[in-house]
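Q: Structure file protein_29.cif (mmCIF, C-alpha atoms; chains and numbers go by the auth columns) right here:
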data_target
#
loop_
_atom_site.group_PDB
_atom_site.id
_atom_site.type_symbol
_atom_site.label_atom_id
_atom_site.label_comp_id
_atom_site.label_asym_id
_atom_site.label_seq_id
_atom_site.Cartn_x
_atom_site.Cartn_y
_atom_site.Cartn_z
_atom_site.B_iso_or_equiv
_atom_site.auth_seq_id
_atom_site.auth_asym_id
ATOM 1 C CA MET A 1 -17.565 20.328 -6.560 0.00 1 A
ATOM 2 C CA SER A 2 -21.025 21.771 -6.176 0.00 2 A
ATOM 3 C CA ILE A 3 -24.520 20.551 -5.540 0.00 3 A
ATOM 4 C CA GLU A 4 -27.279 22.350 -7.398 0.00 4 A
ATOM 5 C CA ILE A 5 -31.039 21.882 -7.519 0.00 5 A
ATOM 6 C CA LEU A 6 -33.414 21.947 -10.474 0.00 6 A
ATOM 7 C CA ARG A 7 -37.038 22.574 -9.525 0.00 7 A
ATOM 8 C CA LEU A 8 -39.238 21.532 -12.437 0.00 8 A
ATOM 9 C CA GLY A 9 -42.578 22.977 -13.461 0.00 9 A
ATOM 10 C CA HIS A 10 -43.028 26.032 -11.239 0.00 10 A
ATOM 11 C CA ARG A 11 -46.625 27.242 -11.513 0.00 11 A
ATOM 12 C CA LEU A 12 -47.516 30.836 -10.646 0.00 12 A
ATOM 13 C CA HIS A 13 -49.880 31.300 -7.684 0.00 13 A
ATOM 14 C CA ARG A 14 -49.874 27.573 -6.974 0.00 14 A
ATOM 15 C CA ASP A 15 -46.218 26.761 -6.308 0.00 15 A
ATOM 16 C CA TYR A 16 -44.837 30.077 -5.070 0.00 16 A
ATOM 17 C CA ARG A 17 -44.373 29.013 -1.448 0.00 17 A
ATOM 18 C CA ILE A 18 -43.248 25.471 -2.272 0.00 18 A
ATOM 19 C CA THR A 19 -40.634 26.625 -4.790 0.00 19 A
ATOM 20 C CA THR A 20 -39.422 29.240 -2.307 0.00 20 A
ATOM 21 C CA HIS A 21 -39.215 26.562 0.394 0.00 21 A
ATOM 22 C CA CYS A 22 -37.238 24.338 -1.979 0.00 22 A
ATOM 23 C CA GLY A 23 -34.774 27.216 -2.344 0.00 23 A
ATOM 24 C CA LEU A 24 -34.621 27.820 1.413 0.00 24 A
ATOM 25 C CA VAL A 25 -33.931 24.146 2.103 0.00 25 A
ATOM 26 C CA ALA A 26 -31.382 23.941 -0.719 0.00 26 A
ATOM 27 C CA ARG A 27 -29.524 26.986 0.643 0.00 27 A
ATOM 28 C CA ALA A 28 -29.644 25.950 4.314 0.00 28 A
ATOM 29 C CA PHE A 29 -28.642 22.353 3.547 0.00 29 A
ATOM 30 C CA GLY A 30 -25.539 23.138 1.489 0.00 30 A
ATOM 31 C CA ALA A 31 -26.559 23.489 -2.163 0.00 31 A
ATOM 32 C CA THR A 32 -25.004 26.416 -4.034 0.00 32 A
ATOM 33 C CA LYS A 33 -27.703 27.151 -6.589 0.00 33 A
ATOM 34 C CA MET A 34 -31.295 26.442 -7.540 0.00 34 A
ATOM 35 C CA TYR A 35 -32.578 26.520 -11.086 0.00 35 A
ATOM 36 C CA TYR A 36 -36.272 26.462 -11.733 0.00 36 A
ATOM 37 C CA SER A 37 -38.404 25.971 -14.825 0.00 37 A
ATOM 38 C CA GLY A 38 -42.040 26.435 -15.696 0.00 38 A
ATOM 39 C CA PHE A 39 -43.296 29.968 -15.230 0.00 39 A
ATOM 40 C CA GLU A 40 -40.716 32.660 -14.581 0.00 40 A
ATOM 41 C CA ASP A 41 -41.324 34.319 -11.214 0.00 41 A
ATOM 42 C CA ASP A 42 -39.049 37.195 -10.214 0.00 42 A
ATOM 43 C CA LYS A 43 -40.470 37.135 -6.664 0.00 43 A
ATOM 44 C CA ILE A 44 -38.753 33.812 -5.984 0.00 44 A
ATOM 45 C CA THR A 45 -35.360 35.157 -6.994 0.00 45 A
ATOM 46 C CA LEU A 46 -35.920 38.403 -5.092 0.00 46 A
ATOM 47 C CA ASN A 47 -37.016 36.672 -1.879 0.00 47 A
ATOM 48 C CA LEU A 48 -34.130 34.208 -1.877 0.00 48 A
ATOM 49 C CA HIS A 49 -31.659 37.037 -2.506 0.00 49 A
ATOM 50 C CA LYS A 50 -33.192 38.886 0.464 0.00 50 A
ATOM 51 C CA VAL A 51 -32.458 35.807 2.571 0.00 51 A
ATOM 52 C CA ASN A 52 -28.813 35.981 1.448 0.00 52 A
ATOM 53 C CA ASP A 53 -28.705 39.692 2.303 0.00 53 A
ATOM 54 C CA SER A 54 -29.949 39.077 5.847 0.00 54 A
ATOM 55 C CA TRP A 55 -28.613 35.637 6.680 0.00 55 A
ATOM 56 C CA GLY A 56 -25.447 35.588 4.560 0.00 56 A
ATOM 57 C CA GLY A 57 -24.147 33.328 1.860 0.00 57 A
ATOM 58 C CA ASN A 58 -24.238 33.593 -1.894 0.00 58 A
ATOM 59 C CA PHE A 59 -26.934 31.087 -2.864 0.00 59 A
ATOM 60 C CA GLU A 60 -27.975 31.687 -6.473 0.00 60 A
ATOM 61 C CA VAL A 61 -31.325 31.309 -8.209 0.00 61 A
ATOM 62 C CA GLN A 62 -31.780 31.122 -11.967 0.00 62 A
ATOM 63 C CA TYR A 63 -34.784 30.605 -14.204 0.00 63 A
ATOM 64 C CA LEU A 64 -34.388 28.088 -17.045 0.00 64 A
ATOM 65 C CA LYS A 65 -36.590 28.337 -20.084 0.00 65 A
ATOM 66 C CA ASN A 66 -35.387 24.964 -21.398 0.00 66 A
ATOM 67 C CA TRP A 67 -34.507 22.509 -18.636 0.00 67 A
ATOM 68 C CA ARG A 68 -33.962 19.617 -21.084 0.00 68 A
ATOM 69 C CA SER A 69 -31.156 21.435 -22.910 0.00 69 A
ATOM 70 C CA PHE A 70 -29.661 22.417 -19.561 0.00 70 A
ATOM 71 C CA LEU A 71 -29.636 18.827 -18.281 0.00 71 A
ATOM 72 C CA LYS A 72 -28.290 17.416 -21.548 0.00 72 A
ATOM 73 C CA GLN A 73 -25.434 19.922 -21.538 0.00 73 A
ATOM 74 C CA SER A 74 -24.769 19.397 -17.823 0.00 74 A
ATOM 75 C CA LYS A 75 -24.538 15.656 -18.371 0.00 75 A
ATOM 76 C CA LEU A 76 -22.123 16.182 -21.281 0.00 76 A
ATOM 77 C CA ASP A 77 -20.069 18.419 -18.980 0.00 77 A
ATOM 78 C CA GLY A 78 -19.790 15.565 -16.469 0.00 78 A
ATOM 79 C CA SER A 79 -22.462 16.471 -13.937 0.00 79 A
ATOM 80 C CA PHE A 80 -24.143 13.644 -12.054 0.00 80 A
ATOM 81 C CA ILE A 81 -27.910 14.086 -12.308 0.00 81 A
ATOM 82 C CA ILE A 82 -30.095 12.697 -9.544 0.00 82 A
ATOM 83 C CA LEU A 83 -33.827 12.527 -10.128 0.00 83 A
ATOM 84 C CA CYS A 84 -35.602 12.528 -6.794 0.00 84 A
ATOM 85 C CA THR A 85 -38.836 10.589 -7.290 0.00 85 A
ATOM 86 C CA MET A 86 -40.790 7.930 -5.459 0.00 86 A
ATOM 87 C CA TYR A 87 -40.150 5.471 -8.328 0.00 87 A
ATOM 88 C CA GLY A 88 -36.376 5.267 -7.893 0.00 88 A
ATOM 89 C CA GLU A 89 -33.962 3.182 -5.904 0.00 89 A
ATOM 90 C CA ASN A 90 -34.250 3.798 -2.183 0.00 90 A
ATOM 91 C CA LEU A 91 -31.752 6.315 -0.857 0.00 91 A
ATOM 92 C CA PRO A 92 -30.103 3.973 1.681 0.00 92 A
ATOM 93 C CA ASP A 93 -29.241 1.594 -1.177 0.00 93 A
ATOM 94 C CA VAL A 94 -27.406 4.277 -3.225 0.00 94 A
ATOM 95 C CA GLU A 95 -26.230 6.649 -0.490 0.00 95 A
ATOM 96 C CA GLN A 96 -22.564 5.571 -0.593 0.00 96 A
ATOM 97 C CA GLU A 97 -22.460 5.869 -4.371 0.00 97 A
ATOM 98 C CA ILE A 98 -23.783 9.431 -4.173 0.00 98 A
ATOM 99 C CA LYS A 99 -21.320 10.386 -1.423 0.00 99 A
ATOM 100 C CA SER A 100 -18.382 9.099 -3.447 0.00 100 A
ATOM 101 C CA ILE A 101 -19.546 11.013 -6.523 0.00 101 A
ATOM 102 C CA LYS A 102 -19.890 14.244 -4.507 0.00 102 A
ATOM 103 C CA ASN A 103 -16.111 14.560 -4.270 0.00 103 A
ATOM 104 C CA ASN A 104 -15.476 14.159 -8.010 0.00 104 A
ATOM 105 C CA SER A 105 -18.460 15.598 -9.895 0.00 105 A
ATOM 106 C CA ASN A 106 -21.004 18.357 -9.741 0.00 106 A
ATOM 107 C CA ILE A 107 -24.378 17.021 -8.700 0.00 107 A
ATOM 108 C CA ILE A 108 -27.724 18.305 -9.904 0.00 108 A
ATOM 109 C CA ILE A 109 -30.727 17.108 -7.914 0.00 109 A
ATOM 110 C CA VAL A 110 -33.972 17.329 -9.877 0.00 110 A
ATOM 111 C CA ILE A 111 -37.237 17.737 -7.988 0.00 111 A
ATOM 112 C CA GLY A 112 -40.637 18.175 -9.574 0.00 112 A
ATOM 113 C CA SER A 113 -43.966 19.756 -8.947 0.00 113 A
ATOM 114 C CA GLU A 114 -46.131 18.183 -11.610 0.00 114 A
ATOM 115 C CA LYS A 115 -45.902 14.689 -13.047 0.00 115 A
ATOM 116 C CA ILE A 116 -42.306 13.955 -14.070 0.00 116 A
ATOM 117 C CA PRO A 117 -41.859 13.782 -17.861 0.00 117 A
ATOM 118 C CA SER A 118 -40.830 10.252 -18.883 0.00 118 A
ATOM 119 C CA ASP A 119 -37.732 11.419 -20.784 0.00 119 A
ATOM 120 C CA LEU A 120 -36.344 12.732 -17.508 0.00 120 A
ATOM 121 C CA LEU A 121 -36.039 9.154 -16.298 0.00 121 A
ATOM 122 C CA HIS A 122 -33.469 8.622 -19.079 0.00 122 A
ATOM 123 C CA LEU A 123 -31.751 12.007 -18.769 0.00 123 A
ATOM 124 C CA SER A 124 -30.884 11.386 -15.131 0.00 124 A
ATOM 125 C CA THR A 125 -27.857 9.418 -14.022 0.00 125 A
ATOM 126 C CA LEU A 126 -29.606 8.007 -10.975 0.00 126 A
ATOM 127 C CA ASN A 127 -33.254 7.745 -10.007 0.00 127 A
ATOM 128 C CA VAL A 128 -33.499 8.051 -6.210 0.00 128 A
ATOM 129 C CA ALA A 129 -36.488 7.565 -3.929 0.00 129 A
ATOM 130 C CA ILE A 130 -36.724 8.841 -0.387 0.00 130 A
ATOM 131 C CA SER A 131 -39.530 6.346 -0.030 0.00 131 A
ATOM 132 C CA ASN A 132 -41.658 4.590 -2.579 0.00 132 A
ATOM 133 C CA GLN A 133 -44.670 6.530 -1.344 0.00 133 A
ATOM 134 C CA PRO A 134 -46.069 9.950 -2.304 0.00 134 A
ATOM 135 C CA HIS A 135 -44.223 12.688 -0.419 0.00 135 A
ATOM 136 C CA SER A 136 -43.235 16.337 -0.461 0.00 136 A
ATOM 137 C CA GLU A 137 -40.374 17.445 -2.701 0.00 137 A
ATOM 138 C CA VAL A 138 -39.301 19.846 0.069 0.00 138 A
ATOM 139 C CA ALA A 139 -38.933 17.023 2.589 0.00 139 A
ATOM 140 C CA ALA A 140 -37.280 14.750 0.031 0.00 140 A
ATOM 141 C CA LEU A 141 -34.756 17.452 -0.844 0.00 141 A
ATOM 142 C CA ALA A 142 -33.896 18.017 2.817 0.00 142 A
ATOM 143 C CA ILE A 143 -33.395 14.306 3.424 0.00 143 A
ATOM 144 C CA ILE A 144 -31.219 13.692 0.378 0.00 144 A
ATOM 145 C CA LEU A 145 -29.034 16.740 1.107 0.00 145 A
ATOM 146 C CA ASP A 146 -28.711 15.686 4.741 0.00 146 A
ATOM 147 C CA ARG A 147 -27.542 12.227 3.674 0.00 147 A
ATOM 148 C CA ILE A 148 -25.088 13.633 1.113 0.00 148 A
ATOM 149 C CA PHE A 149 -23.501 15.977 3.670 0.00 149 A
ATOM 150 C CA SER A 150 -23.816 13.547 6.617 0.00 150 A
ATOM 151 C CA GLY A 151 -25.289 16.313 8.786 0.00 151 A
ATOM 152 C CA LYS A 152 -22.234 18.586 8.398 0.00 152 A
ATOM 153 C CA GLN A 153 -24.378 21.174 6.602 0.00 153 A
ATOM 154 C CA LEU A 154 -26.130 21.892 9.890 0.00 154 A
ATOM 155 C CA SER A 155 -23.061 23.803 11.076 0.00 155 A
ATOM 156 C CA ILE A 156 -22.476 25.919 7.953 0.00 156 A
ATOM 157 C CA GLN A 157 -21.426 29.470 8.786 0.00 157 A
ATOM 158 C CA PHE A 158 -22.713 31.817 6.083 0.00 158 A
ATOM 159 C CA ASP A 159 -20.414 34.744 5.352 0.00 159 A
ATOM 160 C CA LYS A 160 -21.685 38.344 5.171 0.00 160 A
ATOM 161 C CA ALA A 161 -24.624 37.605 7.486 0.00 161 A
ATOM 162 C CA ARG A 162 -26.425 40.564 9.061 0.00 162 A
ATOM 163 C CA LEU A 163 -28.491 38.311 11.320 0.00 163 A
ATOM 164 C CA LYS A 164 -27.475 35.360 13.438 0.00 164 A
ATOM 165 C CA ILE A 165 -29.503 33.168 15.749 0.00 165 A
ATOM 166 C CA VAL A 166 -28.009 32.335 19.124 0.00 166 A
ATOM 167 C CA PRO A 167 -29.279 28.852 20.013 0.00 167 A
ATOM 168 C CA LYS A 168 -31.181 28.791 23.317 0.00 168 A
ATOM 169 C CA LYS A 169 -32.985 26.099 25.247 0.00 169 A
ATOM 170 C CA GLN A 170 -35.941 28.463 25.764 0.00 170 A
ATOM 171 C CA GLY A 171 -36.874 31.734 24.141 0.00 171 A
ATOM 172 C CA LYS A 172 -35.094 33.265 21.204 0.00 172 A
ATOM 173 C CA LYS A 173 -32.136 35.521 20.617 0.00 173 A
ATOM 174 C CA VAL A 174 -31.098 37.090 17.326 0.00 174 A
ATOM 175 C CA ILE A 175 -28.014 39.227 16.835 0.00 175 A
ATOM 176 C CA TYR A 176 -28.588 42.008 14.313 0.00 176 A
ATOM 177 C CA ASP A 177 -26.144 43.883 12.077 0.00 177 A
ATOM 178 C CA LEU A 178 -23.093 41.736 12.678 0.00 178 A
#
Let's see the structure in the file written out as structure tokens.
A:
Amino acid sequence: MSIEILRLGHRLHRDYRITTHCGLVARAFGATKMYYSGFEDDKITLNLHKVNDSWGGNFEVQYLKNWRSFLKQSKLDGSFIILCTMYGENLPDVEQEIKSIKNNSNIIIVIGSEKIPSDLLHLSTLNVAISNQPHSEVAALAIILDRIFSGKQLSIQFDKARLKIVPKKQGKKVIYDL
């Protein structure tokens, strides 16, 4: 089973770094793919592929022109769609349900940038809040992925890495060209 991310409403020049950071968090925290909608931006795909080239792994990025059709089809195909918004049920209250689903279904976590369209509330299987307060979609994504994987994603070894960090108490050490 896989966990994928859908980043809604990417806006050129405004969301470039945030959408890239969503992809970095998704990759580092165990998701296999990030879709994004809004404005198509080849720089996002290119930069996240460069991360794969240096740090390993095969995280994918794909632009979606029509996210509604994608979600409708994904739901028909049996995917479990989680809308991450401050209006949903608090994560601790639905955490076990999500963990049990992870083993049997693909999960798509939807995070926004602009105001969430109201029909998305009905397209999703579960509406999950990290808190019922305004917050960053990057932080929310990290928290929900951490809860889904119970921290095990922090020890992922990415294959085909050319760079690797050697953890140190002080200073830094990077091994190049593994």
Q: For His13 in chain A, list every protein, DNA or RNA residue within 12 Å, evaluated using all atoms listed in the file, and leave out those in the same chain fewer than 5 positions away; present the list as a count of residues only.
A: 8
Q: Let me make sure I understand: among A:Leu46, A:Met1, A:Leu141, A:Ile130, which one has the smallest atom-to-atom distance to Ser79 in chain A if we use all atoms listed in the file?
A: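 Closest to Ser79 in chain A of all the choices is A:Met1.
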Q: Applied to this file, what does the PyMOL selection byres ((chain A and resi 145) around 9) return in terms of residues, put as a count of residues only?
A: 18
Q: Would you work out the distance separating CA of Leu120 in chain A from CA of Arg68 in chain A, expressed in Å to one decimal?
A: 8.1 Å
Q: Could you expand the PyMOL selection byres ((chain A and resi 107-118) around 6) into the explicit residues it covers here, written as an NGL selection string?
A: :A and (3-9 or 79-84 or 106 or 119-121)
Q: Grab the CA of Gly23 in chain A to CA of Ser136 in chain A distance for me, in Å with one decimal place.
A: 13.9 Å
Q: Any idea what's packed within 7 Å of Val174 in chain A, counting all atoms listed in the file, ignoring anything in its chain fewer than 2 positions away? Could you give it as a ChimeraX atom specification?
A: /A:163-166,172,176
Q: Given the choices A:Tyr16, A:Asn66, A:Leu154, A:Arg162, which gets closest to Lys50 in chain A if the distance is worked out from all atoms listed in the file?
A: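 Among the listed residues, A:Arg162 lies closest to Lys50 in chain A.
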Q: Between A:Asp177, A:Asp159, A:Glu89, A:Asp15, single out the one closest to Tyr36 in chain A, counting all atoms listed in the file.
A: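 The answer is A:Asp15, which sits nearest to Tyr36 in chain A.
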Q: Could you state the separation of CA of Thr32 in chain A and CA of Phe59 in chain A in Å, given to one decimal place?
A: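 That distance, rounded to one decimal, is 5.2 Å.
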Q: Return the single residue from A:Ser2, A:Asn52, A:Ile101, A:Gly38 that is closest to Arg14 in chain A, with distances computed using all atoms listed in the file.
A: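 Counting all atoms listed in the file, the residue closest to Arg14 in chain A is A:Gly38.
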Q: Of the candidates A:Leu76, A:Ala129, A:Ala161, A:Val61, which shows the shortest atom-to-atom distance to Asn90 in chain A, using all atoms listed in the file?
A: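 Using all atoms listed in the file, the shortest distance to Asn90 in chain A belongs to A:Ala129.
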Q: Return as AutoDock Vina command-line options the box centre and box size in Å, one decimal, for an axis-aligned box around all listed atoms of range 156-170 of chain A padded by 3 Å per side.
A:
--center_x -28.2 --center_y 33.2 --center_z 15.5 --size_x 21.5 --size_y 20.6 --size_z 26.6
Q: I'd like to know which of A:Lys72, A:Cys22, A:Gln133, A:Val138 is closest to Leu48 in chain A, using all atoms listed in the file.
A: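 Nearest candidate to Leu48 in chain A out of A:Lys72, A:Cys22, A:Gln133, A:Val138: A:Cys22.
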Q: Starting from the displayed file, determine the output of the PyMOL selection byres ((chain A and resi 64) around 7) and express the residue list as a list of chain:residue names.
A: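 What the PyMOL selection byres ((chain A and resi 64) around 7) grabs from the file is A:Tyr35, A:Tyr36, A:Ser37, A:Gln62, A:Tyr63, A:Lys65, A:Asn66, A:Trp67.
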Q: Selected residues, C-alpha atoms, written as an mmCIF file, keeping the file's coordinate frame, please.
A:
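Output saved as again-v4.cif:
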data_model
loop_
_atom_site.group_PDB
_atom_site.id
_atom_site.type_symbol
_atom_site.label_atom_id
_atom_site.label_comp_id
_atom_site.auth_asym_id
_atom_site.auth_seq_id
_atom_site.Cartn_x
_atom_site.Cartn_y
_atom_site.Cartn_z
ATOM 1 C CA TYR A 35 -32.578 26.520 -11.086
ATOM 2 C CA TYR A 36 -36.272 26.462 -11.733
ATOM 3 C CA SER A 37 -38.404 25.971 -14.825
ATOM 4 C CA GLN A 62 -31.780 31.122 -11.967
ATOM 5 C CA TYR A 63 -34.784 30.605 -14.204
ATOM 6 C CA LYS A 65 -36.590 28.337 -20.084
ATOM 7 C CA ASN A 66 -35.387 24.964 -21.398
ATOM 8 C CA TRP A 67 -34.507 22.509 -18.636
#
